[in-house]
Each structure stands twice: as structure tokens, then as C-alpha cells.
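Shown next: coords14.txt, given as compact mmCIF, C-alpha atoms and all ligand atoms.
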# COMPACT_ATOMS: atom_id res chain seq x y z
CA MET R 16 104.41 -50.23 55.03
CA ARG R 17 108.07 -49.44 55.54
CA ASN R 18 108.85 -49.26 51.87
CA ARG R 19 106.02 -46.90 50.95
CA SER R 20 107.57 -43.96 49.16
CA VAL R 21 106.98 -40.35 50.06
CA ALA R 22 105.51 -39.76 46.63
CA THR R 23 103.04 -42.59 47.18
CA VAL R 24 101.81 -40.95 50.32
CA ALA R 25 101.75 -37.55 48.65
CA ILE R 26 99.45 -39.05 46.04
CA ALA R 27 97.33 -40.66 48.74
CA THR R 28 96.92 -37.40 50.63
CA ILE R 29 96.24 -35.41 47.49
CA ALA R 30 93.61 -37.95 46.50
CA ALA R 31 92.10 -37.80 49.96
CA LEU R 32 91.86 -34.04 49.62
CA GLY R 33 90.07 -34.39 46.33
CA LEU R 34 92.81 -32.53 44.50
CA ALA R 35 93.61 -35.19 41.98
CA ALA R 36 91.37 -37.25 39.80
CA CYS R 37 93.16 -40.49 40.64
CA GLY R 38 91.57 -43.13 42.82
CA SER R 39 92.48 -43.67 46.44
CA SER R 40 93.94 -47.16 46.29
CA ASN R 41 96.89 -45.88 48.30
CA GLU R 42 94.73 -44.40 50.98
CA PRO R 43 95.24 -45.88 54.42
CA GLU R 44 92.78 -48.53 55.35
CA GLY R 45 90.30 -48.03 58.15
CA THR R 46 88.82 -44.86 59.53
CA PRO R 47 91.52 -42.52 60.72
CA GLY R 48 91.02 -42.06 64.42
CA GLY R 49 88.64 -44.95 64.49
CA GLN R 50 90.84 -47.35 66.46
CA THR R 51 89.36 -48.74 69.59
CA SER R 52 92.33 -49.10 71.96
CA SER R 53 91.83 -47.12 75.15
CA LEU R 54 94.35 -44.83 76.75
CA ALA R 55 95.50 -45.55 80.28
CA THR R 56 96.39 -42.30 82.03
CA THR R 57 97.15 -41.31 85.60
CA ALA R 58 95.40 -38.30 87.11
CA GLY R 59 97.97 -35.52 87.43
CA GLY R 60 100.30 -37.22 84.99
CA ALA R 61 102.54 -40.28 84.77
CA GLY R 62 105.40 -38.50 86.57
CA GLY R 63 108.98 -38.00 85.44
CA GLU R 64 110.53 -35.75 82.83
CA VAL R 65 109.04 -35.01 79.42
CA GLY R 66 111.60 -33.46 77.09
CA VAL R 67 109.83 -31.56 74.31
CA PHE R 68 111.89 -30.91 71.19
CA THR R 69 110.84 -28.00 68.95
CA TRP R 70 112.34 -25.03 67.12
CA TRP R 71 110.10 -22.62 68.96
CA ALA R 72 112.96 -21.02 70.83
CA ALA R 73 112.32 -17.29 70.57
CA GLY R 74 109.78 -14.51 70.09
CA SER R 75 106.17 -15.34 69.32
CA GLU R 76 107.00 -19.00 68.73
CA LYS R 77 108.37 -19.33 72.26
CA LYS R 78 105.30 -17.52 73.58
CA GLY R 79 103.14 -20.23 72.01
CA LEU R 80 105.26 -22.96 73.59
CA ASP R 81 105.19 -21.13 76.93
CA GLU R 82 101.39 -21.23 76.86
CA LEU R 83 101.53 -24.99 76.43
CA GLU R 84 104.13 -25.39 79.16
CA LYS R 85 101.98 -23.37 81.57
CA LEU R 86 98.90 -25.50 80.90
CA PHE R 87 100.92 -28.71 81.01
CA LYS R 88 102.20 -27.87 84.49
CA GLU R 89 98.67 -27.07 85.59
CA LYS R 90 97.06 -30.26 84.21
CA TYR R 91 99.92 -32.68 84.83
CA PRO R 92 101.60 -31.55 88.06
CA ASN R 93 103.34 -34.93 88.46
CA ASP R 94 105.28 -34.41 85.20
CA THR R 95 108.31 -32.20 84.63
CA PHE R 96 108.39 -30.31 81.33
CA VAL R 97 111.88 -29.99 79.86
CA ASN R 98 112.25 -27.48 77.04
CA LEU R 99 114.60 -28.89 74.37
CA ALA R 100 113.98 -26.15 71.77
CA VAL R 101 116.75 -25.48 69.23
CA ALA R 102 116.62 -22.00 67.65
CA GLY R 103 116.23 -21.53 63.87
CA GLY R 104 113.01 -21.03 61.90
CA ALA R 105 111.48 -23.96 60.04
CA GLY R 106 113.74 -26.26 62.05
CA SER R 107 116.74 -25.12 60.03
CA ASN R 108 119.10 -26.10 62.87
CA ALA R 109 116.82 -28.31 64.94
CA LYS R 110 116.32 -31.02 62.35
CA ALA R 111 120.02 -31.91 62.16
CA LYS R 112 120.26 -32.18 65.96
CA LEU R 113 117.08 -34.26 66.05
CA ALA R 114 118.37 -36.59 63.33
CA SER R 115 121.56 -37.21 65.26
CA ASP R 116 119.72 -37.77 68.58
CA LEU R 117 117.38 -40.24 66.91
CA LYS R 118 120.26 -42.02 65.21
CA ASN R 119 122.09 -42.33 68.53
CA ASN R 120 119.01 -43.74 70.24
CA GLN R 121 118.62 -40.64 72.37
CA PRO R 122 115.05 -39.68 71.45
CA PRO R 123 113.39 -36.81 73.28
CA GLY R 124 110.01 -37.26 75.03
CA SER R 125 108.29 -35.84 71.97
CA PHE R 126 109.37 -33.91 68.90
CA GLN R 127 107.76 -31.47 66.49
CA GLY R 128 107.23 -32.85 63.02
CA HIS R 129 105.31 -31.61 60.00
CA ALA R 130 102.21 -33.44 58.82
CA GLY R 131 102.68 -35.05 55.42
CA ALA R 132 105.85 -36.23 53.70
CA GLU R 133 108.19 -35.24 56.53
CA LEU R 134 106.33 -37.40 59.04
CA LEU R 135 106.63 -40.30 56.65
CA ASP R 136 110.42 -40.04 56.89
CA TYR R 137 110.23 -40.77 60.62
CA ILE R 138 107.69 -43.54 60.09
CA ASP R 139 109.79 -45.21 57.41
CA ALA R 140 112.88 -44.98 59.60
CA GLU R 141 110.84 -46.64 62.38
CA GLN R 142 111.60 -43.75 64.71
CA ILE R 143 108.06 -43.07 65.89
CA GLU R 144 105.16 -45.10 67.25
CA PRO R 145 101.48 -44.91 66.38
CA VAL R 146 99.39 -42.73 68.68
CA ASN R 147 95.99 -44.09 67.71
CA ASP R 148 94.96 -44.38 71.36
CA VAL R 149 95.73 -40.72 72.06
CA ILE R 150 93.89 -39.51 68.94
CA GLN R 151 90.95 -41.71 69.85
CA ALA R 152 90.88 -40.42 73.44
CA LEU R 153 90.95 -36.86 72.09
CA GLY R 154 87.88 -37.49 69.96
CA GLY R 155 89.37 -38.92 66.73
CA ASP R 156 87.74 -37.88 63.49
CA LYS R 157 84.94 -36.15 65.37
CA VAL R 158 87.33 -33.36 66.31
CA PHE R 159 90.18 -33.53 63.77
CA PRO R 160 89.50 -32.89 60.06
CA LYS R 161 89.79 -35.95 57.85
CA ASN R 162 92.12 -34.22 55.39
CA LEU R 163 94.54 -33.58 58.26
CA LEU R 164 94.31 -37.05 59.85
CA ASP R 165 95.01 -38.54 56.41
CA ARG R 166 98.35 -36.76 56.42
CA LEU R 167 99.28 -38.33 59.72
CA THR R 168 98.13 -41.82 58.80
CA VAL R 169 99.95 -44.72 57.20
CA ASP R 170 98.25 -48.07 56.77
CA GLY R 171 95.51 -47.17 59.23
CA ASN R 172 97.87 -45.99 61.98
CA ILE R 173 98.06 -42.37 63.07
CA TYR R 174 101.59 -41.29 63.94
CA SER R 175 101.33 -37.86 65.54
CA VAL R 176 98.98 -35.44 67.27
CA PRO R 177 98.49 -32.15 65.39
CA SER R 178 98.78 -28.95 67.38
CA ASN R 179 97.99 -26.39 64.70
CA ILE R 180 97.58 -25.55 61.04
CA HIS R 181 99.56 -22.77 59.35
CA ARG R 182 99.15 -21.10 55.98
CA ALA R 183 102.35 -20.41 54.04
CA ASN R 184 101.11 -18.32 51.07
CA VAL R 185 100.42 -15.02 52.77
CA VAL R 186 101.78 -11.61 51.77
CA TRP R 187 102.17 -9.28 54.74
CA ALA R 188 102.22 -5.63 53.73
CA ASN R 189 102.89 -2.28 55.40
CA THR R 190 99.78 -0.09 55.02
CA GLU R 191 101.61 3.23 55.18
CA VAL R 192 104.24 2.19 52.61
CA LEU R 193 101.53 1.06 50.16
CA LYS R 194 99.60 4.29 50.70
CA LYS R 195 102.67 6.41 49.96
CA ALA R 196 103.25 4.42 46.77
CA GLY R 197 99.64 5.01 45.70
CA ILE R 198 98.71 1.33 45.86
CA ASN R 199 95.13 0.75 46.90
CA ALA R 200 94.20 -2.58 45.33
CA VAL R 201 95.49 -6.11 45.78
CA PRO R 202 97.26 -7.36 42.64
CA THR R 203 95.69 -10.39 41.01
CA ASP R 204 98.76 -11.96 39.48
CA ILE R 205 102.54 -11.93 39.73
CA LYS R 206 102.84 -9.43 36.88
CA GLY R 207 100.57 -6.99 38.66
CA TRP R 208 102.51 -7.50 41.87
CA ILE R 209 105.79 -6.72 40.14
CA ALA R 210 104.20 -3.53 38.74
CA ASP R 211 103.27 -2.54 42.31
CA MET R 212 106.84 -3.21 43.47
CA GLU R 213 107.97 -0.69 40.85
CA LYS R 214 105.59 1.87 42.37
CA VAL R 215 106.97 1.15 45.85
CA LYS R 216 110.50 1.62 44.55
CA ALA R 217 109.55 4.87 42.84
CA SER R 218 108.14 6.12 46.16
CA GLY R 219 111.61 5.83 47.69
CA VAL R 220 111.61 2.38 49.37
CA ALA R 221 114.74 0.65 48.06
CA THR R 222 113.66 -2.92 48.81
CA PRO R 223 109.91 -3.41 48.26
CA LEU R 224 110.14 -7.11 49.13
CA SER R 225 111.89 -8.59 52.17
CA VAL R 226 113.47 -12.02 52.38
CA ALA R 227 115.57 -13.77 55.00
CA GLY R 228 117.68 -16.96 54.85
CA THR R 229 117.39 -19.93 52.50
CA TRP R 230 114.23 -21.58 53.86
CA THR R 231 112.29 -18.32 53.54
CA GLN R 232 113.47 -18.08 49.93
CA LEU R 233 112.33 -21.65 49.29
CA GLN R 234 108.96 -20.74 50.75
CA LEU R 235 108.72 -17.64 48.54
CA PHE R 236 109.64 -19.74 45.51
CA GLU R 237 107.01 -22.39 46.31
CA THR R 238 104.33 -19.70 46.33
CA ILE R 239 105.47 -18.45 42.91
CA LEU R 240 105.21 -22.03 41.67
CA ILE R 241 101.62 -22.18 42.93
CA SER R 242 100.74 -18.92 41.15
CA ASP R 243 102.39 -19.82 37.86
CA LEU R 244 101.34 -23.48 37.74
CA GLY R 245 97.90 -23.37 39.34
CA VAL R 246 96.70 -25.94 41.85
CA GLU R 247 96.52 -29.01 39.64
CA LYS R 248 99.92 -28.63 38.00
CA TYR R 249 101.52 -27.68 41.32
CA ASN R 250 100.18 -30.89 42.88
CA GLY R 251 101.48 -32.76 39.85
CA LEU R 252 105.04 -31.78 40.78
CA PHE R 253 104.92 -34.32 43.59
CA ASP R 254 103.50 -37.31 41.77
CA GLY R 255 105.37 -36.95 38.49
CA LYS R 256 102.44 -35.57 36.50
CA THR R 257 104.06 -32.16 36.09
CA ALA R 258 107.62 -32.00 34.80
CA TRP R 259 110.02 -29.95 36.88
CA ASP R 260 111.41 -28.50 33.66
CA SER R 261 108.00 -27.62 32.19
CA PRO R 262 107.44 -24.13 30.70
CA GLU R 263 105.44 -23.13 33.80
CA VAL R 264 108.26 -24.04 36.18
CA LYS R 265 110.65 -22.10 33.93
CA GLN R 266 108.27 -19.13 34.13
CA ALA R 267 108.15 -19.43 37.92
CA ALA R 268 111.96 -19.45 38.10
CA ALA R 269 112.08 -16.37 35.86
CA ASP R 270 109.44 -14.57 37.96
CA TYR R 271 111.26 -15.52 41.12
CA LYS R 272 114.45 -14.05 39.67
CA THR R 273 112.63 -10.79 38.88
CA LEU R 274 111.08 -10.65 42.35
CA LEU R 275 114.48 -11.00 43.99
CA THR R 276 115.65 -7.86 42.15
CA TYR R 277 113.21 -5.99 44.42
CA ALA R 278 114.44 -7.65 47.61
CA ASN R 279 117.02 -6.89 50.26
CA THR R 280 120.28 -8.83 50.43
CA ALA R 281 119.85 -11.55 53.02
CA SER R 282 122.44 -13.61 54.87
CA ASP R 283 121.83 -17.30 55.05
CA GLY R 284 121.49 -17.15 58.83
CA ASP R 285 118.79 -14.46 58.81
CA ASP R 286 115.73 -15.88 60.48
CA TRP R 287 112.17 -14.98 59.46
CA PRO R 288 111.61 -12.15 61.98
CA VAL R 289 114.40 -10.18 60.28
CA ALA R 290 112.34 -10.10 57.07
CA THR R 291 108.95 -9.63 58.72
CA ASP R 292 110.33 -6.80 60.87
CA MET R 293 111.38 -4.96 57.70
CA VAL R 294 107.68 -4.69 56.84
CA ILE R 295 106.79 -3.79 60.42
CA ASP R 296 109.43 -1.03 60.38
CA GLY R 297 108.42 0.31 56.96
CA LYS R 298 111.72 -0.72 55.35
CA ALA R 299 109.91 -3.02 52.93
CA ALA R 300 106.37 -3.11 51.58
CA TYR R 301 105.92 -6.88 51.36
CA ASN R 302 107.04 -10.11 52.99
CA VAL R 303 105.79 -13.56 52.04
CA MET R 304 105.67 -15.48 55.28
CA GLY R 305 103.64 -18.15 56.99
CA ASP R 306 101.01 -16.86 59.33
CA TRP R 307 103.28 -17.22 62.34
CA ALA R 308 104.07 -13.65 61.16
CA VAL R 309 100.77 -12.31 62.50
CA ALA R 310 102.03 -13.04 66.01
CA GLU R 311 105.12 -10.91 65.31
CA PHE R 312 102.92 -7.96 64.21
CA ALA R 313 100.84 -8.41 67.38
CA ALA R 314 103.93 -8.64 69.59
CA LYS R 315 105.16 -5.32 68.15
CA GLY R 316 101.80 -3.72 68.95
CA LYS R 317 100.79 -3.35 65.28
CA LYS R 318 97.13 -3.10 64.29
CA GLU R 319 95.54 -4.93 61.41
CA GLN R 320 94.61 -2.66 58.47
CA THR R 321 95.92 0.51 60.18
CA ASP R 322 99.51 -0.73 60.31
CA TYR R 323 99.54 -3.88 58.21
CA GLN R 324 97.51 -5.84 55.70
CA TYR R 325 97.58 -9.38 54.39
CA PHE R 326 96.48 -11.18 51.27
CA ALA R 327 97.11 -14.44 49.48
CA VAL R 328 100.15 -14.35 47.20
CA PRO R 329 98.84 -12.82 43.94
CA GLY R 330 97.34 -15.40 41.63
CA GLN R 331 96.20 -17.74 44.39
CA GLU R 332 93.04 -16.33 45.89
CA GLY R 333 91.11 -19.36 47.13
CA VAL R 334 94.27 -21.47 47.59
CA PHE R 335 95.56 -22.43 51.04
CA ASP R 336 99.24 -23.45 51.08
CA PHE R 337 99.06 -25.84 53.99
CA LEU R 338 101.38 -27.04 56.72
CA ALA R 339 100.73 -28.37 60.19
CA ASP R 340 102.88 -28.96 63.23
CA SER R 341 102.34 -32.17 65.10
CA PHE R 342 103.95 -34.03 67.98
CA THR R 343 105.23 -37.56 68.08
CA LEU R 344 105.81 -40.50 70.38
CA PRO R 345 109.41 -41.47 69.57
CA LYS R 346 110.29 -45.16 69.61
CA GLY R 347 112.34 -46.01 72.70
CA THR R 348 111.54 -42.78 74.53
CA LYS R 349 112.21 -43.11 78.26
CA ASN R 350 108.86 -41.93 79.61
CA PRO R 351 106.09 -42.82 77.15
CA GLY R 352 103.41 -42.20 79.81
CA GLY R 353 104.65 -38.63 80.23
CA THR R 354 104.80 -38.20 76.45
CA LYS R 355 101.16 -39.23 76.17
CA ASP R 356 100.23 -36.64 78.81
CA TRP R 357 101.93 -34.04 76.62
CA LEU R 358 100.14 -35.30 73.52
CA MET R 359 96.79 -35.18 75.33
CA LEU R 360 97.49 -31.59 76.34
CA ILE R 361 98.51 -30.31 72.92
CA GLY R 362 95.57 -32.13 71.33
CA SER R 363 92.99 -30.80 73.78
CA ALA R 364 90.65 -27.94 72.88
CA GLU R 365 92.03 -25.89 75.77
CA GLY R 366 95.65 -26.47 74.73
CA GLN R 367 94.89 -25.64 71.10
CA LYS R 368 93.12 -22.42 71.96
CA ALA R 369 95.91 -21.16 74.22
CA PHE R 370 98.68 -22.17 71.82
CA ASN R 371 97.16 -20.98 68.57
CA LEU R 372 96.06 -17.63 69.97
CA ALA R 373 99.72 -16.92 70.73
CA LYS R 374 101.19 -18.54 67.62
CA GLY R 375 99.11 -17.05 64.78
CA SER R 376 98.07 -20.48 63.54
CA ILE R 377 94.60 -22.01 63.65
CA PRO R 378 93.57 -24.97 65.79
CA ALA R 379 93.84 -28.38 64.17
CA ARG R 380 90.66 -29.26 66.06
CA THR R 381 87.37 -28.18 64.58
CA ASP R 382 85.61 -27.64 67.93
CA VAL R 383 87.51 -24.55 69.10
CA PRO R 384 85.18 -21.57 68.43
CA ALA R 385 86.44 -19.20 65.72
CA THR R 386 84.96 -16.25 67.62
CA ASP R 387 87.65 -16.70 70.28
CA PHE R 388 90.27 -15.65 67.70
CA PRO R 389 91.30 -12.31 66.12
CA PRO R 390 90.20 -11.47 62.56
CA TYR R 391 93.25 -12.88 60.77
CA GLN R 392 92.86 -16.32 62.31
CA GLN R 393 89.11 -16.26 61.73
CA SER R 394 89.80 -15.62 58.04
CA ALA R 395 92.33 -18.48 57.96
CA MET R 396 89.84 -20.86 59.58
CA GLU R 397 87.27 -20.00 56.95
CA ALA R 398 89.85 -20.31 54.15
CA PHE R 399 90.98 -23.74 55.37
CA LYS R 400 87.38 -24.93 55.18
CA THR R 401 86.61 -23.50 51.75
CA ASN R 402 89.85 -23.15 49.76
CA ASP R 403 91.78 -25.58 47.60
CA ILE R 404 94.47 -27.03 49.86
CA VAL R 405 98.00 -27.49 48.54
CA SER R 406 101.03 -28.79 50.44
CA SER R 407 103.96 -26.62 51.45
CA ILE R 408 107.38 -27.61 50.15
CA ALA R 409 109.43 -25.63 52.67
CA HIS R 410 107.51 -27.00 55.65
CA GLY R 411 107.46 -30.73 55.26
CA ALA R 412 104.00 -31.27 53.79
CA ALA R 413 104.87 -31.96 50.14
CA VAL R 414 108.39 -33.38 50.10
CA SER R 415 110.64 -35.49 52.30
CA LEU R 416 113.45 -34.05 54.40
CA ALA R 417 116.02 -35.20 51.83
CA TRP R 418 114.15 -33.69 48.86
CA ASN R 419 113.69 -30.47 50.82
CA ALA R 420 117.46 -30.42 51.51
CA ASP R 421 118.27 -30.75 47.79
CA MET R 422 115.80 -28.03 46.87
CA SER R 423 117.24 -25.77 49.55
CA THR R 424 120.72 -26.29 48.10
CA ALA R 425 119.41 -25.34 44.65
CA ILE R 426 117.65 -22.23 46.00
CA SER R 427 120.71 -21.18 47.97
CA LYS R 428 122.93 -21.63 44.90
CA PHE R 429 120.49 -19.59 42.84
CA TYR R 430 120.61 -16.79 45.38
CA THR R 431 124.26 -16.32 44.40
CA THR R 432 124.18 -17.17 40.69
CA LYS R 433 120.75 -15.75 39.78
CA ASP R 434 120.79 -18.33 36.98
CA ASP R 435 117.13 -19.29 36.55
CA ALA R 436 117.84 -21.93 33.88
CA GLY R 437 120.36 -23.49 36.30
CA LEU R 438 117.74 -23.46 39.05
CA VAL R 439 115.30 -25.40 36.87
CA THR R 440 118.02 -27.92 35.98
CA ASP R 441 118.88 -28.42 39.66
CA LEU R 442 115.24 -28.76 40.70
CA ALA R 443 114.55 -31.27 37.92
CA ALA R 444 117.62 -33.29 38.96
CA ALA R 445 116.46 -33.30 42.59
CA ALA R 446 112.95 -34.41 41.64
CA LYS R 447 114.36 -37.26 39.58
CA LYS R 448 116.06 -38.62 42.71
CA TYR R 449 112.88 -38.68 44.77
CA LEU R 450 110.00 -39.34 42.40
CA PRO R 451 109.24 -43.00 41.78
C1 LIG I 1 106.69 -24.36 61.62
C2 LIG I 1 106.07 -23.21 62.35
C3 LIG I 1 107.13 -22.16 62.64
C4 LIG I 1 107.85 -21.78 61.35
C5 LIG I 1 108.95 -20.77 61.54
C6 LIG I 1 107.46 -23.90 60.42
O1 LIG I 1 108.16 -24.96 59.84
O2 LIG I 1 105.74 -25.27 61.20
O3 LIG I 1 105.49 -23.63 63.55
O4 LIG I 1 106.55 -21.03 63.23
O5 LIG I 1 108.42 -22.93 60.79
O6 LIG I 1 109.89 -21.23 62.43

Go ahead and render the structure in this file as C-alpha cells.
Ligand code: BGC
Amino acid sequence: MRNRSVATVAIATIAALGLAACGSSNEPEGTPGGQTSSLATTAGGAGGEVGVFTWWAAGSEKKGLDELEKLFKEKYPNDTFVNLAVAGGAGSNAKAKLASDLKNNQPPGSFQGHAGAELLDYIDAEQIEPVNDVIQALGGDKVFPKNLLDRLTVDGNIYSVPSNIHRANVVWANTEVLKKAGINAVPTDIKGWIADMEKVKASGVATPLSVAGTWTQLQLFETILISDLGVEKYNGLFDGKTAWDSPEVKQAAADYKTLLTYANTASDGDDWPVATDMVIDGKAAYNVMGDWAVAEFAAKGKKEQTDYQYFAVPGQEGVFDFLADSFTLPKGTKNPGGTKDWLMLIGSAEGQKAFNLAKGSIPARTDVPATDFPPYQQSAMEAFKTNDIVSSIAHGAAVSLAWNADMSTAISKFYTTKDDAGLVTDLAAAAKKYLP
């Protein structure tokens, strides 16, 4: 198990999702969630401190965490919640601190990790324990979708409890800005989108597209890859079937370069709300952001359709660029009983409803009624059920932490050089290091 490569698991999860024609010989054995061990819990909680490590330190993300903290205190009065959040979207600062704490045998009570390749890093490093008993006690595969449990499972063991599912390939747009530019239809491909950006520019908005620091640029780039490659070839990037220097990747790099000519100048430290707020404030027409953005629009009192609109990145209607947050039981954590209380809370229907309503994401569980959620989340729930699912690069689903770091370096370098051929060379070199 320990030597399974990230790419092997990527293939297994893609196969499990029915996205590749290959067989599922790498699929974990046994029914995910089907283990029989029971969970011993104490009413009111095991007692002691539970340090919860996330990057939900501010704004709408903190509001989501606050909802969980409130419920945790209510359900587990014996336990003491300790907030160990480290600011910085996508874990841009948190992951380094977490890596050093884990290396120094100072694990928190539980930490946030992305379903998919990123989780495999922690499994391979033997830093987390299976949580089969918790998943089973929560309802196992009766309440969690199989395609999600597969991404948390290695060799029949489930290694984290999912709290939510996010969609990364969403364009958020300012209704008034589009109206002024005379745009009244959603573009169907990148070319059409670029033509609309011209119209926005002509209407007097200097930066039609907003971006923030490096991880938001990587996320934007991944969505251009999806549009230019299509689902099958995009999936092939992670199992070696699609070359990273193929004509389609070159096209994506060229399109990405063009798109950035319509964007603001970002500093590396700019976090996502800086870019999303530009759309909210009418300083930009478009921002590609995960659907945590909807919570930012809500927090600023903005109304769907009247003030803002959303659509899948042009060229990917019917495609859901997936990521999910999940929580772990770190090996050697001081209060595993308290950690399991936390995991039971975040995995419960009540916890998922409270958290996801505040966060903009959709419940990982399938038994939380869609009608309890606002229209955006209802549309995301429907899309997750019916769309083709692809894995996000920027948010740990498709590539390991190390591969993500190399890609981020390439994207950051490109932001200065604007050399699209160089970007392709760097991405191909990175892939060569991590593909089998
Ligand atoms: C996380 C989300 C978070 C976003 C921005 C993603 O990696 O999965 O929960 O809202 O980063 O910080």
C-alpha cells in the first residue's frame, strides 16, 4: 500500500468515476464504508482538547468553521474546540506549517485535507489513520457517494471524513457590468469569452477578468485546460495518456496568456476575496473561482441574477471540476477520542447542513435535502449528480502536493515572463517527475 503512486490512485479514482475506459484493477478492495468495526463514543464527548487545523481563518470560510464550532460545543460539551486555522486560501500558508508539525510529531487533533491525490500523500507518509469506524457509524456508502468514498480509500481503508464538495470551474460575473457591455448570452467557448472581454473593455472596464495570487492563477489555468482538452484528454494528463506538451496543452497555454491580458495585476499574496470583490464592486466583469465565492457575494448582501451571475467556464457545460474538503485522524494525535467526536460532527447531516449553507459548498452526504439550500447550491447539487466529474489540480484532487508545488512555480514564473512555450516546457518537466 505504501508504495502506491499518486498516479495509480488517480487512475483508480478516474476508473471508479467511469471517466476512463481502463479496468479497475487498482480499485480498492472491499466496499468503501462497508467495514464492520463499531465506534465507541462517550455521550457528551471524550473530553479534552481537540485542535482543528484548517485554512478557514477569515470571512465566509471562518463563518463556516464557526458554524461547526458552535454545533460541536453543543453536541460534545465535554470537549474543548481549539481553532488552529492558518490564513491563506487553498492552504497556501497552512500546508507548510502542517507539514512541519507532522514532521516534528506534533499533529493537531484533526486537519483539513483534500480528497484525492493530496490525501494519498498523507497516507503514503503514514501520517493519518483509517477512519472506517467513523464512516461506518455515519452511515457509510448509504449516505456518502461512492465516487467520493473512492477518493478517500486506499486498499479498502477510508482515511478521512468529507465535510463538503466544491466546484472549481465557475465564472462569477457582475450583472450590471455585462449589461453595460451589451453582453446578454453566456459564451460557449474560450474564443467567445475573449470576444466578450473585448466588449467589456470597450465599455470602459479596464480589467474584465480578475485574478489574485498564484493558486488562483493555477486554478484559472486548470479550467482553460479542461475547456481546450475536453474531459477525456484532461483526465489523461494525470495517467500519462495525454502529453503535457500536446497541441491542446499548447493551445491552453496560449489562451491563458491571452486571458491574462484582460486581467488586473495581482500580487502573489493576494487572496481570493481580493479578486472576487473586484467583481462584486464592478471593477471586473469576471472571476473564475471555486464556489466558496458564492458565500462572499452573500456576505456582501449581493443578490443572484440582479447583482451577479454564474456559469461554467466556457466550453465546459456539463463538466464539474471537483474538489472536496475532508478531515483526518492524524497518527499519534493526543486525543483520538476527541478527534472522532469532531469527525462524527462534521460528517453528520446536521453538521453538513450548517457548514455548507455558510460555506457555499454542497454537502458530501446525499441525505441533506437540496431544498434547504439557496439556488446556487441546488444547481451545484444537481450538477454533481449529472455532470462529468474531473479532478481539480489546484485543490489536491488530481495531483500530489509536490506536483502541485512544481506547477505553481511554473505558473508563477509565467506570470512574470508571459512565455507560454516556456510554461508548457515547465509543466511537461514537472509531469515527467511525477508520472510513473
Ligand atoms: C478549499 C476550500 C477553500 C478554498 C479557498 C480550497 O482548497 O478546499 O474549502 O474555501 O481553498 O481557501

If we count all atoms listed in the file and set the cut-off at 6 Å, which residues sit around segment 389-404 of chain R, ignoring sequence neighbours fewer than 5 positions away in its own chain? Please answer as number ranges by chain.
R: 333-335

Grab the residues selected above and save them as a PDB file, keeping the file's coordinate frame with C-alpha atoms.
ATOM      1  CA  GLY R 333      91.110 -19.360  47.130  1.00  0.00           C
ATOM      2  CA  VAL R 334      94.270 -21.470  47.590  1.00  0.00           C
ATOM      3  CA  PHE R 335      95.560 -22.430  51.040  1.00  0.00           C
TER       4      PHE R 335
END

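The two atoms in question, atom CA of Pro92 of chain R and atom CA of Gly362 of chain R, are spaced 17.8 Å apart.
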
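For segment 318-328 of chain R, the set of protein, DNA and RNA residues having any atom at most 8 Å away, when counting only C-alpha atoms and skipping those fewer than 3 positions along the same chain, is R:Asn184, R:Val185, R:Val186, R:Trp187, R:Ala188, R:Asn189, R:Thr190, R:Glu191, R:Val201, R:Thr238, R:Ile239, R:Ser242, R:Ile295, R:Val303, R:Phe312, R:Ala313, R:Gln331, R:Glu332, R:Val334.
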
Identify, counting all atoms listed in the file, the protein, DNA and RNA residues located within 7 Å of ligand LIG 1 (chain I), and give them as a PyMOL selection string.
chain R and resi 70-71+76+103-106+129+181+287+307+338-340+410

Show me, as a PyMOL selection string, the residues that have an atom within 8 Å of Asn98 of chain R when counting only C-alpha atoms, minus same-chain residues fewer than 3 positions from it.
chain R and resi 66-68

Within 12 Å of (105.7, -21.2, 75.3) (coordinates as in the file), grab all the protein and nucleic acid residues, counting only C-alpha atoms, and write them out as a count of residues only.
34

How many Å separate atom CA of Leu233 of chain R from atom CA of Met422 of chain R?
7.7 Å

Around all listed atoms of segment 74-89 of chain R, padded 3 Å per side, what centre and edge lengths does the axis-aligned box have in Å to one decimal, as lines of an AutoDock Vina configuration file?
center_x = 104.2
center_y = -21.6
center_z = 77.2
size_x = 17.1
size_y = 20.2
size_z = 22.9

Grab the atom CA of Lys349 of chain R to atom CA of Lys368 of chain R distance for me, in Å with one decimal place.
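Between these atoms lies a distance of 28.8 Å.
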
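With all atoms listed in the file as the atoms that count, the minimum distance from Gly284 of chain R to the choices R:Leu164, R:Ala102, R:Leu54, R:Ile173 is reached by R:Ala102.
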
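Closest to Tyr174 of chain R among R:Asp286, R:Glu133, R:Asp260, R:Asp435 is R:Glu133, based on all atoms listed in the file.
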
Surrounding residues of Leu344 of chain R excluding itself and chain neighbours under 5 positions, 10 Å, all atoms listed in the file, as a PyMOL selection string:
chain R and resi 122-126+142-146+174-176+350-352+354-355+357-358

Counting all atoms listed in the file, what is within 9 Å of Thr276 of chain R, bar same-chain residues fewer than 4 positions away, as a list in words?
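That gives Thr222, Leu224, Tyr271 and Lys272 of chain R.
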
File of the preceding selection, C-alpha atoms, as a tab-separated table (two decimals), in the coordinates of the input:
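Saved as again27.tsv:
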chain	number	residue	atom	x	y	z
R	222	THR	CA	113.66	-2.92	48.81
R	224	LEU	CA	110.14	-7.11	49.13
R	271	TYR	CA	111.26	-15.52	41.12
R	272	LYS	CA	114.45	-14.05	39.67

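Minimum distance to Ser407 of chain R across R:Pro378, R:Pro451, R:Gly305, R:Gly60 (counting all atoms listed in the file) occurs at R:Gly305.
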
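Of the residues under consideration (R:Asp136, R:Ile198, R:Ala445, R:Thr343), R:Thr343 shows the shortest atom-to-atom contact distance to Asp356 of chain R when counting only C-alpha atoms.
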
Point out the residue among R:Leu113, R:Val226, R:Ser107, R:Asn199 with the least atom-to-atom distance to Ser423 of chain R, counting all atoms listed in the file.
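Among the listed residues, the smallest separation from Ser423 of chain R belongs to R:Ser107.
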
Using all atoms listed in the file, pick whichever of R:Val414, R:Ala446, R:Met359, R:Ala310 has the shortest atom-to-atom distance to Gly155 of chain R.
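Using all atoms listed in the file, the shortest distance to Gly155 of chain R belongs to R:Met359.
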
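Remark: residues at most 10 Å from position (118.6, -36.5, 45.0) in file coordinates are Ala417, Trp418, Asn419, Ala420, Asp421, Met422, Asp441, Leu442, Ala443, Ala444, Ala445, Ala446, Lys447, Lys448, Tyr449 and Leu450 of chain R, using only C-alpha atoms.
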